[in-house]
Each structure stands twice: as structure tokens, then as C-alpha cells.
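What follows is a set of notes on a single structure, which appears directly below.
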Amino acid sequence: METTASAPARLERLVVTAGLWLVAHCALSVVLAAAGWWRVWLVVPATLLFAVGSWLLVGVVPDCRGCSRPGPTAAIRNNAATGVLVAICVAFAVWAGTTHAEQVLPRRDSASNLQAAISLATTGSRVVPVDADILGGSRVLELPGITLASPAFYAVGGVDHPAIQPQFVIGPAATYGLGIWVGGPRTAFWLPGIAGAFGLLAIGLLAARFLGAWWGAMAAGVTAVAFPILHLSRSTYSEPLSMVTLGGGFLALSLAASADDARARRHALLSGLLVGGTTLVRIDGLREAILLLIVVGLAAAQRRVWARPLLVGVGVSTGVGLLAGLRLSPRYLGDIAGSLLPLLAIGVAVALVMLGGLWWQRRGARLPPWYAARLPRAVGGLTALVLIGLASRPLWMTARQDPNDPGARYVAGMQTRQGLPVDGARTYAEQSVDWLNWWLGPISLVLAALALVWLVHHATTRWVAAQDLPPWSWPLLVALGSTLMTLWRPGITPDHPWAERRLVIAIPLVLLLALASIRHLAAGSVPPLSPTPPAPTSSEENTPSQPHGIPHVLLTRLGGRGVGRAVAALAAVAMVVPTTLATWPLASARVEAGSLTAVEQVCAALQPRDVVLMVDARAANEWVQVVRGQCGNASLATSPALRRDQAALVAAAQQVRGSVAAAGGRLVYLSADDDPSSAVSGLGEWMTIVDQTVQESEHALERRPSHLDPLALVVRLARP
């Protein structure tokens, strides 16, 4: 019965439920937003029903070895560790919430997600029609250099049926839109921290399941201190939401792998739904869904009963995610087709390889004995070589992209400002392991590498011995594959700390592996690896599982339990201290605090019938959707070509003014350039509405960012 479940088991059920609710909520939002029915009276009751249904569907989670032990003293210790884990997650949510960023202007993806959430919450539709009559008719949109589009918001439908289509997939907008309904942007800013806390809870519970309850609390604590995780949880990014879906998916996968009964099938189905459903909040969740196909193939080869439900779950949710993207974000998918299509091709190739391997196995084929005997060492050695190769890339590789890519021009500008050799085509992907080193320190990376090599060796040994793979090996495979692909090709502009978004899986993985090494160092020794581990005695049945963290020969040379514990303590200090010191300068930093007040001041200065034309680059990049979505005023942008010719700009503005006036409106010009001399003359008398300085994150290329930089925020309006 549920009342007999331990505290960790109930928390595991909570995390899986949260992930399932998020996927269900996003899937419902696809249907409602496509029809223009995303309204509070319909969404809120449905999402509450989803929460109850998800809790019931997850069901009772079996206690894990290492989390629940018999006896009153052990139970007290277990409850204490669980209480500490929960306290760490709650403290993290409060920390991230009270220091949240105010990224309102779409200069980064987080603000784009916020503006998409505001648009969805206020209009009820994903693709929002624009009333061309307010703008003076379709002839205004036919003027060269006049557009409705702005960064992260496409203009679609042509001049006859103009509409605005947000860039990214719908999940972040649908989730943060709930906060907009409750209390506006200020409430929405707290939701990433809450999502990040659930992600930390999942990390801690995974560590508790395989390492022990107190190790779970330590895993959550050190991950919470890592700045990239905190940074993401302070802004309305999609990554905190993916931590919920992937964390719940990995937990459900470990639950499925721990049993071979009806509950295993159910948890495998849930795992597939959660991992594949990540595509509803981040389209690159397709990578983890593809890696889960490898898990399906290996599980089917071992005739695990949960292989088929896992395939069904990931197939259904991934299909829904891709269809949702094609229906609601087609322009975005078209823009990233160069990365998306190769990923889909990889998925097809993985599926074919898995089918071929199963066919080969079903025909009775087996690895030659001499090959099978050497395979564990070969795979372990190959893993070590791959890790060494990734870490050493700066010595022998310089990663580059197409020099004509827009990101290349941005990188070249950063290089110029930072006094670096100008080579905009550089992606700095070869330094991705250094990015981890900035925030976690070299000791964590070394300990994680040792643990990974030995765990891969151990899992391969069990495979060739035709034994079931350990439960930890399945989520490890997905997380490791995702991390290696990310480290090889981060696929992001190397502007730090924003580029650290790509490390949302890599950082927890490294820290968990490092803790596995420290745990076994603390034990003093590890029993020799055996293809057939001895059955536990009655006194061992409830002891924590003991996945080997580092090679047995290294541990045996430590000289005993006392030396092992001393080394473990030093390793723990060398792991925690660099992470804490790297985060400390930014621990209380509030990025762009004051921006929301500035937006409110601009909105207050506008009248209901005002149509706003953006006349400089910064206004066209940052204020078009803000004025349209938050202020509720029609807005237009000017193209770079038109802005370069001031006479043509003034002539086009006068044409727009005449059309707007004929429609009963009034045209207002907006400039956001912080240089007063740049205000376009001939448009009217400029009036300063906002003139303040906020703090933005430092832009760094080749070193760890450590402070905030001032950012001028100036808005001027001119009325003809």
C-alpha cells in the first residue's frame, strides 16, 4: 500500500508525476493554442485534472535499495537525509527566485520565451493575427523596409492576412504563461527556479537510489551550487523545464530496469513519454529520444519486458513533439533544418542498427569467445581515449563554422571588443571541456572520468556474460551519449555564460560520477569485479547497491579504509570548493533588474490608438514584440537597409503616418539607441521616457565570466 512507501519513494513518485504533468500540459496546449482556445477557464481545470491523473498513473514507486533500510536507527538516518535533500531543493528555488533575472526585452532566448508566454496568455492563440486596418491597411506592409517581424517572432501570412508566429516550440510559453495569468511577468520569473528545484530533486533521488541517501543530498547540493544550473533557473529558459522531463524520465527508467513485472512496463512507458516529451519544451530533446532507442534495442536484446513499452512511449511523445513543432513553429524548424535533419537521419540509422542487431541475435549469432573476453577492456579503453581526445582538443584542433553565418559576425564583434584575434568562423567547440572545468574544477572531471571508465567496463562485462545490465546503466547511457554529442559540437554561439545552457545534462552527470568515485574511495576498497556477482546474504539484502566507481587496483593501493576516507574527504573538498568559488561572485547577481519597470514606463506613455514604429536597430531588435504584447499597441519595425538611408526612412515614416492617421490612429516613433545624437531628425520632437542603467551578464569567449556589466537602457518617443 502507498502508506508503506518510504519518503524517497514518495518523492520519486512526485518527480515523475511533475514531468508527466508538464508533458501532458504542453501536449494539451498544442491543441488549444492552435485553435485559439488557450484560455484560463479551459486550461486551468484541465491542467489540474492532469496533475491528479499523473499522480494516479505513476502509482506506488517501489523502495530502492540504499534508500530504505529496516530498523529504527536506519529509518531515522534515511528520513534525515531525505529532509536535507528536500531542504536543499526548496532553498534553491528560493535562491533562484529572489535573485531572478528580469530579461524582458528579447535580447536572449529567455526573454523571447517570456514574450511568447505573454502573447499566448493574452490572446489565447499561438499564431496571433494582426489587424492590418489599424496599421493603415496592407499597403503599409508593402512598403520596402517596413515589417512586423522581429527577433524570435516571425511575420507570416503575407500582407493580406498578417500574423505573428513565435520562434521556439510551445512548451516554455505554455508553462510560463500560467505564471502570466497568476501574477504577470513577476510571477512567471519564479517558475524557472521551481522547475530547477524539481530537476535537482530528480538528481538527488537518482544518486540516492544508486549511491545512498546522504549521497543523494550531497549530489543535489553540489549541483545547486554550480553556476550554470543557477543561471538557467533564474530566467525563463527552456532548460529548467527539460530538467523536469528528463529527470523524471531517467528516474522512471531506473525504476523500470529494477524490476521485470507490470510496474516495470508502466514505468518504462512513462520514461519514454517523458524523455520523448522533452521535444515539447526543447526541440533538441530529440537527441535524448534517439539515444533512448539504443536503450530499447539493448533491453530487447536482453529480453527485458519493459523494452516494448519504452519504445511505445518515446515514439508517441516524440511524434507529438515533432508534429507540434511542424504545426506551430514551422519557420523555426525550417531555420534549424541544417541541424535537425542530420539528427533525424541519425535516429533512422540508430533504429536500423538496433533492428539489424536484434535480427542477428535472434538467428543465434554470438560474439566469438576471444572477442567477448576482450570487449570490456576494449570498450573501457576506448571510453578513456574519447575522454582524453575531447579534453585535449585545444592542443590540436580549432573548430570553425561557415564565416557567413550570422553567429560568425557576432563572434567577430566579441573578439574585437576583447582584443582577441578576429576569426568569426571560430565556434570554440574544442574548448567545451574547459567550460566544464571553469565551473566544476579539474578534480571533479578526473574523478568523473575514472568512474565512467570503470562503470562502462563493469556494464560491458555483465553484457558479455549475458547478465542483466545494472539499473544505473540505462540512464547513464542516455546522459553520457547526450553529453559526448554536446561536448563535441555544442551548437551555440560561444558567448558565456549563455553558452553554458548546453551543459544542463553534462554538469549533473559529471558531478554524479565524481561522487561515485568519492563514495568508493571512502569505502576503502571495492570487491573484485566478477561476471557473476554473489547473491546477497540476509544481512546484505538491504544494503546500498555498490556500482564500482574507480578501478579496484587504484583503491587497493590506498592502503586501507582510513587512507581511503582521508583521500575521499580531500577529493570532496577539491570538488565542492572550486564549484563554490566559481559561483560566489555571481551568487546574488540580478541580471537586467529594472527592465520590467522600464517596459511599464514605456507602456504607460502610449495611448490605446498609438501605432509604434521602431526607427533604429536596437528598437527594432528589442521593442517590437514588447510593445505589441505587453503594451497592447500595434508596432512595426524598420529594416537595416532602410535605416541606413535616413532620407528614405523619413519618407517611409511619413507614408506610414498618413495611412495610420487615415485609419483613425496616431503614429509614434520609438528610438532605443543610447546615443542622443543618433535620434533620427525630421520625425518630430523626441521625449525621453526611460534613461537608466541595468546590469547584464558579462560577455566572455575564452574565460569564465565573473561579473556583470552595465547596460544602458534608453527609450525615446516622438509624436509627429
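Each chain in the C-alpha cells gets a letter, A, B and so on, in the order shown; residues start at 1 in every chain, and ligands are counted from 1 in the order they appear.
Near A:Ala718, within a cut-off of 12 Å and counting only C-alpha atoms, sit the residues Ala605, Leu606, Asp610, Val611, Val612, Leu613, Met614, Val615, Ala653, Arg666, Leu667, Val668, Tyr669, Leu670, Ser671, Ala672, Ala679, Val680, Ser681, Gly682, Leu683, Gly684, Glu685, Trp686, Met687, Thr688, Ile689 and Val715 of chain A, with same-chain residues fewer than 3 positions away left out.
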Restrict the selected residues to N, CA, C and O atoms and save them as a short mmCIF file (atom, residue, chain, number, x, y, z; two decimals), in the first residue's frame.
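So the final result, stored in out-v8.cif, reads:
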data_model
loop_
_atom_site.label_atom_id
_atom_site.label_comp_id
_atom_site.auth_asym_id
_atom_site.auth_seq_id
_atom_site.Cartn_x
_atom_site.Cartn_y
_atom_site.Cartn_z
N ALA A 605 3.31 55.42 -21.31
CA ALA A 605 3.44 56.62 -22.14
C ALA A 605 2.69 56.51 -23.46
O ALA A 605 2.60 57.49 -24.20
N LEU A 606 2.16 55.33 -23.76
CA LEU A 606 1.45 55.11 -25.02
C LEU A 606 -0.05 55.19 -24.82
O LEU A 606 -0.57 54.79 -23.77
N ASP A 610 -2.27 54.38 -30.38
CA ASP A 610 -0.92 54.63 -30.89
C ASP A 610 -0.41 53.41 -31.66
O ASP A 610 -0.56 52.26 -31.22
N VAL A 611 0.22 53.66 -32.79
CA VAL A 611 0.95 52.66 -33.56
C VAL A 611 2.42 53.06 -33.52
O VAL A 611 2.76 54.19 -33.86
N VAL A 612 3.27 52.15 -33.08
CA VAL A 612 4.67 52.49 -32.79
C VAL A 612 5.56 51.96 -33.90
O VAL A 612 5.51 50.78 -34.26
N LEU A 613 6.40 52.84 -34.45
CA LEU A 613 7.36 52.48 -35.48
C LEU A 613 8.76 52.56 -34.90
O LEU A 613 9.18 53.60 -34.38
N MET A 614 9.50 51.47 -34.98
CA MET A 614 10.87 51.41 -34.44
C MET A 614 11.84 51.94 -35.49
O MET A 614 11.87 51.43 -36.62
N VAL A 615 12.63 52.95 -35.13
CA VAL A 615 13.41 53.66 -36.14
C VAL A 615 14.91 53.44 -36.02
O VAL A 615 15.67 54.01 -36.81
N ALA A 653 8.44 56.74 -43.13
CA ALA A 653 7.71 57.03 -41.89
C ALA A 653 6.53 57.95 -42.16
O ALA A 653 5.45 57.78 -41.58
N ARG A 666 -2.69 57.03 -34.48
CA ARG A 666 -1.62 58.02 -34.42
C ARG A 666 -0.29 57.30 -34.39
O ARG A 666 -0.09 56.38 -33.59
N LEU A 667 0.61 57.68 -35.27
CA LEU A 667 1.92 57.03 -35.34
C LEU A 667 2.86 57.66 -34.32
O LEU A 667 2.92 58.89 -34.18
N VAL A 668 3.58 56.79 -33.60
CA VAL A 668 4.58 57.21 -32.62
C VAL A 668 5.90 56.54 -33.00
O VAL A 668 5.93 55.35 -33.33
N TYR A 669 6.98 57.30 -32.96
CA TYR A 669 8.30 56.76 -33.27
C TYR A 669 9.01 56.40 -31.98
O TYR A 669 8.93 57.13 -30.99
N LEU A 670 9.73 55.27 -32.01
CA LEU A 670 10.47 54.82 -30.82
C LEU A 670 11.92 54.60 -31.19
O LEU A 670 12.23 53.91 -32.17
N SER A 671 12.81 55.18 -30.39
CA SER A 671 14.24 55.00 -30.54
C SER A 671 14.80 54.44 -29.23
O SER A 671 14.43 54.89 -28.15
N ALA A 672 15.66 53.45 -29.34
CA ALA A 672 16.25 52.84 -28.14
C ALA A 672 17.77 52.92 -28.15
O ALA A 672 18.42 52.29 -27.32
N ALA A 679 19.35 60.00 -32.71
CA ALA A 679 17.92 60.15 -32.92
C ALA A 679 17.65 60.73 -34.31
O ALA A 679 18.25 61.74 -34.71
N VAL A 680 16.79 60.09 -35.04
CA VAL A 680 16.52 60.49 -36.41
C VAL A 680 15.81 61.85 -36.42
O VAL A 680 14.79 62.04 -35.76
N SER A 681 16.37 62.78 -37.16
CA SER A 681 15.75 64.11 -37.25
C SER A 681 14.66 64.10 -38.32
O SER A 681 14.64 63.24 -39.21
N GLY A 682 13.76 65.04 -38.22
CA GLY A 682 12.70 65.16 -39.20
C GLY A 682 11.47 64.35 -38.88
O GLY A 682 10.53 64.31 -39.67
N LEU A 683 11.47 63.69 -37.74
CA LEU A 683 10.31 62.88 -37.36
C LEU A 683 9.46 63.54 -36.29
O LEU A 683 8.33 63.14 -36.06
N GLY A 684 10.00 64.51 -35.59
CA GLY A 684 9.28 65.15 -34.51
C GLY A 684 10.21 65.41 -33.34
O GLY A 684 11.41 65.14 -33.39
N GLU A 685 9.67 65.92 -32.28
CA GLU A 685 10.46 66.22 -31.09
C GLU A 685 10.54 64.98 -30.20
O GLU A 685 9.52 64.42 -29.80
N TRP A 686 11.76 64.60 -29.87
CA TRP A 686 11.97 63.37 -29.10
C TRP A 686 11.81 63.66 -27.60
O TRP A 686 12.31 64.66 -27.09
N MET A 687 11.14 62.74 -26.92
CA MET A 687 10.93 62.84 -25.49
C MET A 687 11.47 61.58 -24.84
O MET A 687 11.11 60.46 -25.23
N THR A 688 12.36 61.75 -23.85
CA THR A 688 12.96 60.60 -23.17
C THR A 688 11.97 60.02 -22.17
O THR A 688 11.50 60.71 -21.27
N ILE A 689 11.69 58.73 -22.32
CA ILE A 689 10.76 58.02 -21.43
C ILE A 689 11.54 57.20 -20.40
O ILE A 689 11.18 57.14 -19.22
N VAL A 715 14.97 54.86 -23.84
CA VAL A 715 13.84 54.83 -24.79
C VAL A 715 13.36 56.26 -24.99
O VAL A 715 13.09 56.97 -24.01
#
Distance query stretch 228-243 of chain A at most 6 Å, only C-alpha atoms, self and fewer than 3 positions along chain excluded, as a ChimeraX atom specification:
/A:96,100-101,110,172,192-193,195-196,199,246-247,278,500
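Distance check against A:Val573 using only C-alpha atoms: of A:Gly183, A:Pro129, A:Gly441, A:Pro585, the minimum falls on A:Gly441.
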Show me, as JSON, numbers by chain, the residues that have an atom within 10 Å of A:Pro376 when counting only C-alpha atoms, minus same-chain residues fewer than 6 positions from it.
{"A": [382, 454, 456, 457, 458, 459, 460, 461, 462, 463, 464]}
I need the residues from that last selection saved to file as an mmCIF file, in the first residue's frame (with C-alpha atoms), if you can.
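Writing done, so here's result_16.cif:
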data_model
loop_
_atom_site.group_PDB
_atom_site.id
_atom_site.type_symbol
_atom_site.label_atom_id
_atom_site.label_comp_id
_atom_site.auth_asym_id
_atom_site.auth_seq_id
_atom_site.Cartn_x
_atom_site.Cartn_y
_atom_site.Cartn_z
ATOM 1 C CA LEU A 382 38.008 3.390 -25.925
ATOM 2 C CA TRP A 454 35.182 1.674 -14.692
ATOM 3 C CA VAL A 456 31.491 1.230 -18.661
ATOM 4 C CA HIS A 457 33.891 -1.669 -18.145
ATOM 5 C CA HIS A 458 31.607 -3.151 -15.495
ATOM 6 C CA ALA A 459 28.454 -2.844 -17.618
ATOM 7 C CA THR A 460 30.177 -4.356 -20.657
ATOM 8 C CA THR A 461 31.410 -7.267 -18.546
ATOM 9 C CA ARG A 462 27.859 -8.021 -17.489
ATOM 10 C CA TRP A 463 26.685 -7.731 -21.084
ATOM 11 C CA VAL A 464 29.128 -10.263 -22.493
#
For a test of reading the model, state the distance in Å between atom CA of A:Thr427 and atom CA of A:Leu701, rounded to one decimal.
9.8 Å
Using only C-alpha atoms, tabulate the residues of stretch 177-235 of chain A lying at most 12 Å from any atom of stretch 22-33 of chain A, each with its closest atom pair and that distance in Å to one decimal, by chain and increasing residue number, as JSON lines.
{"residue": "A:Gly177", "atom": "CA", "partner": "A:Ser29", "partner_atom": "CA", "distance": 10.5}
{"residue": "A:Leu178", "atom": "CA", "partner": "A:His25", "partner_atom": "CA", "distance": 10.6}
{"residue": "A:Ala195", "atom": "CA", "partner": "A:Leu22", "partner_atom": "CA", "distance": 10.1}
{"residue": "A:Phe198", "atom": "CA", "partner": "A:Leu22", "partner_atom": "CA", "distance": 11.7}
Please provide the set of residues having any atom within 10 Å of A:Thr122, restricted to only C-alpha atoms, with same-chain residues fewer than 5 positions apart removed, written as a CSV table (one decimal) with all heavy atoms, in the first residue's frame.
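Written file, around_4.csv:
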chain,number,residue,atom,x,y,z
A,38,TRP,N,-6.7,28.8,-26.0
A,38,TRP,CA,-5.8,28.6,-24.8
A,38,TRP,C,-6.3,29.7,-23.8
A,38,TRP,O,-5.7,30.8,-23.7
A,38,TRP,CB,-4.4,28.8,-25.2
A,38,TRP,CG,-3.4,28.2,-24.2
A,38,TRP,CD1,-3.1,26.8,-24.2
A,38,TRP,CD2,-2.7,28.8,-23.1
A,38,TRP,NE1,-2.2,26.6,-23.1
A,38,TRP,CE2,-1.9,27.8,-22.5
A,38,TRP,CE3,-2.6,30.1,-22.7
A,38,TRP,CZ2,-1.1,28.1,-21.4
A,38,TRP,CZ3,-1.8,30.4,-21.6
A,38,TRP,CH2,-1.0,29.4,-21.0
A,39,ARG,N,-7.3,29.4,-23.1
A,39,ARG,CA,-8.0,30.4,-22.2
A,39,ARG,C,-7.9,29.8,-20.8
A,39,ARG,O,-8.0,28.6,-20.6
A,39,ARG,CB,-9.4,30.6,-22.6
A,39,ARG,CG,-9.6,31.2,-24.0
A,39,ARG,CD,-8.9,32.6,-24.1
A,39,ARG,NE,-9.1,33.3,-25.4
A,39,ARG,CZ,-8.6,34.4,-25.7
A,39,ARG,NH1,-7.9,35.1,-24.8
A,39,ARG,NH2,-8.8,34.9,-26.9
A,40,VAL,N,-7.9,30.7,-19.8
A,40,VAL,CA,-7.7,30.3,-18.4
A,40,VAL,C,-8.9,29.4,-17.9
A,40,VAL,O,-8.6,28.4,-17.2
A,40,VAL,CB,-7.6,31.6,-17.5
A,40,VAL,CG1,-8.9,32.4,-17.6
A,40,VAL,CG2,-7.3,31.2,-16.1
A,116,ALA,N,6.7,35.3,-25.7
A,116,ALA,CA,5.8,34.3,-26.3
A,116,ALA,C,4.7,33.9,-25.3
A,116,ALA,O,3.5,33.6,-25.6
A,116,ALA,CB,6.5,33.1,-26.8
A,117,ALA,N,5.1,33.8,-24.0
A,117,ALA,CA,4.1,33.4,-22.9
A,117,ALA,C,3.1,34.5,-22.7
A,117,ALA,O,1.9,34.2,-22.6
A,117,ALA,CB,4.9,33.1,-21.6
A,177,GLY,N,3.3,30.8,-19.3
A,177,GLY,CA,2.0,31.5,-19.5
A,177,GLY,C,1.1,31.4,-18.3
A,177,GLY,O,0.3,32.3,-18.0
A,180,ILE,N,2.0,34.1,-16.0
A,180,ILE,CA,1.4,35.3,-16.5
A,180,ILE,C,0.0,35.5,-16.1
A,180,ILE,O,-0.4,36.6,-15.6
A,180,ILE,CB,1.5,35.4,-18.1
A,180,ILE,CG1,3.0,35.3,-18.5
A,180,ILE,CG2,0.9,36.7,-18.6
A,180,ILE,CD1,3.9,36.4,-18.0
A,181,TRP,N,-0.8,34.5,-16.2
A,181,TRP,CA,-2.2,34.5,-15.7
A,181,TRP,C,-2.3,34.8,-14.2
A,181,TRP,O,-3.1,35.6,-13.8
A,181,TRP,CB,-2.9,33.2,-16.0
A,181,TRP,CG,-3.4,33.1,-17.4
A,181,TRP,CD1,-3.7,34.1,-18.2
A,181,TRP,CD2,-3.7,31.9,-18.1
A,181,TRP,NE1,-4.2,33.6,-19.4
A,181,TRP,CE2,-4.2,32.2,-19.3
A,181,TRP,CE3,-3.7,30.5,-17.7
A,181,TRP,CZ2,-4.6,31.3,-20.3
A,181,TRP,CZ3,-4.1,29.6,-18.7
A,181,TRP,CH2,-4.6,30.0,-19.9
A,629,GLY,N,3.0,43.0,-27.4
A,629,GLY,CA,2.5,42.0,-26.5
A,629,GLY,C,2.2,42.6,-25.1
A,629,GLY,O,1.1,42.4,-24.6
A,630,GLN,N,3.1,43.3,-24.5
A,630,GLN,CA,2.9,43.8,-23.1
A,630,GLN,C,2.1,45.1,-23.1
A,630,GLN,O,1.3,45.3,-22.3
A,630,GLN,CB,4.3,44.0,-22.4
A,630,GLN,CG,4.9,42.7,-21.9
A,630,GLN,CD,6.1,42.9,-21.0
A,630,GLN,OE1,7.2,42.8,-21.5
A,630,GLN,NE2,5.9,43.3,-19.8
A,632,GLY,N,0.2,46.2,-25.7
A,632,GLY,CA,-1.0,46.1,-26.4
A,632,GLY,C,-1.2,47.1,-27.5
A,632,GLY,O,-2.3,47.3,-28.0
